Structure formats: structure tokens, C-alpha cells
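Asker: Shown below is the structure under consideration.
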Amino acid sequence: MVLTGQDLGGLTLSPGVYFFATSAQLTGTLTLDNLGDPLAEFVFQIGTTLTTASNSSVVTINGGALPGSTVFWQVGSSATLGTNTAFEGHILALTSITLTTGATILDGSALARNGAVTLDSNTIINAVPEPATLTLALLGGALLGVPAVTRRCRGRRACRGNLLASRIKN
């Protein structure tokens with residue numbers, strides 16, 4: 001769905017892919033309604049910048065235990081989260097990401113490809129384990145004789161490649 005020119009504040013969105021040809025702005029609260037599906041995915045593709053006003057928030061409702069873990073923000077240049085913004089999801093920016101004082105990310109991450117991620121008294125809670133921890137958990141499970149951990153992935157496309165890429169393609 002194309003949202004170019006609309007402020008995200010005050011909207012309630014259902015799972016899907018949302019597109020901004022240029023910049024995206026959040027002033028106030030954006031509500032993401034999982035519609036009872038704990039695996040519901042939200043993908044925001046933003047042509048240039050993502051900016052949130054101070055005290056803005058992204059809130060996920062009617063979902064699972066890890067609300068922001070299936071929310072992805074693909075940003076064409078830079079992202080700036082305003083003071084005391086409460087954000088959810090993974091920000092993937094080409095250039096840079098700035099979290100101003102008190103901004104938080106729940107069940108997500110801030111990843112910049114070509115520049116810096118600048119933090120100032122921030123909290124980022126990432127419920128998705130980084131690859132080394134996941135590898136150790138799987139290896140440890142196999143060594144301890146927990147076959148369900150290793151069998152579960154056999155034959156599944158998502159286990160053979162990049163999980164994020166396969167989820168976005170589907």
C-alpha cells in the first residue's frame with residue numbers, strides 16, 4: 001500500500017507491505033494490528049528518510065509475545081528517532097540511524113549499512129538472538145540429544161538461506 005505523503009501518526013495498519021516514495025514521518029502513535037496472528041509481518045519501504053517526532057510511538061496489538069520482531073523498516077538513507085520515542089521493529093538504513101535522548105526500540109534493532117548508528121541514553125531490546133547465539137543454541141541442543149531442534153528445519157526453505165529474505169519474498 002502506498003502511503004507517500006501521509007503521516008503515520010494516528011493510523012492503525014494491518015499486516016502488509018507499506019511504501020513511501022520519499023520520506024516517512026511519525027508524529028503521535030502508529031498502531032500495528034497483528035489481527036491475532038503472532039507471525040504477522042509489517043514491512044515499511046521508505047525511499048529516503050524516516051523521522052519520528054518527540055514522544056511518538058509504534059505500538060503492536062493483537063499479536064504474539066514478541067510484538068516488534070516481525071516489523072521491518074527499510075530506509076533509503078537515514079532514520080532519526082525523536083526524543084523519548086518508543087519504537088518497535090528492525091530499522092535497516094542505507095546511511096545512518098540516530099536515536100536521540102531516551103528513544104527506545106522494542107524487539108528490534110538499528111542497522112546502518114554505510115554509516116553510523118548514533119545512540120544517546122537509549123535502550124534497544126532485541127528478542128531475536130544474534131547468529132552466534134542461535135548457532136550455539138542449535139549445536140548445544142544437538143549435542144544434548146534434542147533432535148526436535150535439528151529436525152524442525154529439515155526441508156524448510158527458510159532454514160537453508162536468509163530467513164529475512166525468504167520471509168519478505170513470501
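How things are named: the first chain in the C-alpha cells is A, the next is B, and so on; residues count from 1 in each chain; ligands count from 1 in the order shown.
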Tell me which protein, DNA and RNA residues are within 9 Å of stretch 56-61 of chain A, counting only C-alpha atoms, leaving out same-chain ones fewer than 3 positions away, and put them as a ChimeraX atom specification.

Answerer: /A:9,26-36,52-53,64,67-68,81-89

Asker: Write a file of the just-selected residues containing C-alpha atoms, as a JSON list (two decimals), in the first residue's frame.

Answerer:
[["chain", "number", "residue", "atom", "x", "y", "z"],
["A", 9, "GLY", "CA", 0.67, 9.09, 13.45],
["A", 26, "LEU", "CA", 5.65, 9.67, 12.54],
["A", 27, "THR", "CA", 4.02, 12.21, 14.85],
["A", 28, "GLY", "CA", 2.00, 10.56, 17.61],
["A", 29, "THR", "CA", 1.12, 6.86, 17.75],
["A", 30, "LEU", "CA", 1.19, 4.30, 14.94],
["A", 31, "THR", "CA", -0.77, 1.15, 15.81],
["A", 32, "LEU", "CA", 0.12, -2.12, 14.08],
["A", 33, "ASP", "CA", -2.70, -4.66, 14.43],
["A", 34, "ASN", "CA", -1.49, -8.25, 14.05],
["A", 35, "LEU", "CA", -5.11, -9.43, 13.75],
["A", 36, "GLY", "CA", -4.43, -12.31, 16.14],
["A", 52, "THR", "CA", 9.78, 10.50, 14.37],
["A", 53, "ALA", "CA", 8.71, 13.46, 16.47],
["A", 64, "GLY", "CA", 2.33, -12.75, 19.96],
["A", 67, "PRO", "CA", 5.50, -7.72, 19.15],
["A", 68, "GLY", "CA", 8.15, -5.86, 17.14],
["A", 81, "LEU", "CA", 14.04, 8.68, 16.26],
["A", 82, "GLY", "CA", 13.00, 11.75, 18.26],
["A", 83, "THR", "CA", 13.46, 12.22, 21.99],
["A", 84, "ASN", "CA", 11.60, 9.60, 24.07],
["A", 85, "THR", "CA", 10.20, 7.81, 21.00],
["A", 86, "ALA", "CA", 9.03, 4.26, 21.82],
["A", 87, "PHE", "CA", 9.67, 2.32, 18.58],
["A", 88, "GLU", "CA", 9.16, -1.30, 17.57],
["A", 89, "GLY", "CA", 10.91, -3.32, 14.89]]

Asker: I want to know what sits within 8 Å of A:Thr98, based on only C-alpha atoms, with residues of the same chain fewer than 3 positions away left out; could you give that as a PyMOL selection string?

Answerer: chain A and resi 79-81+117-119
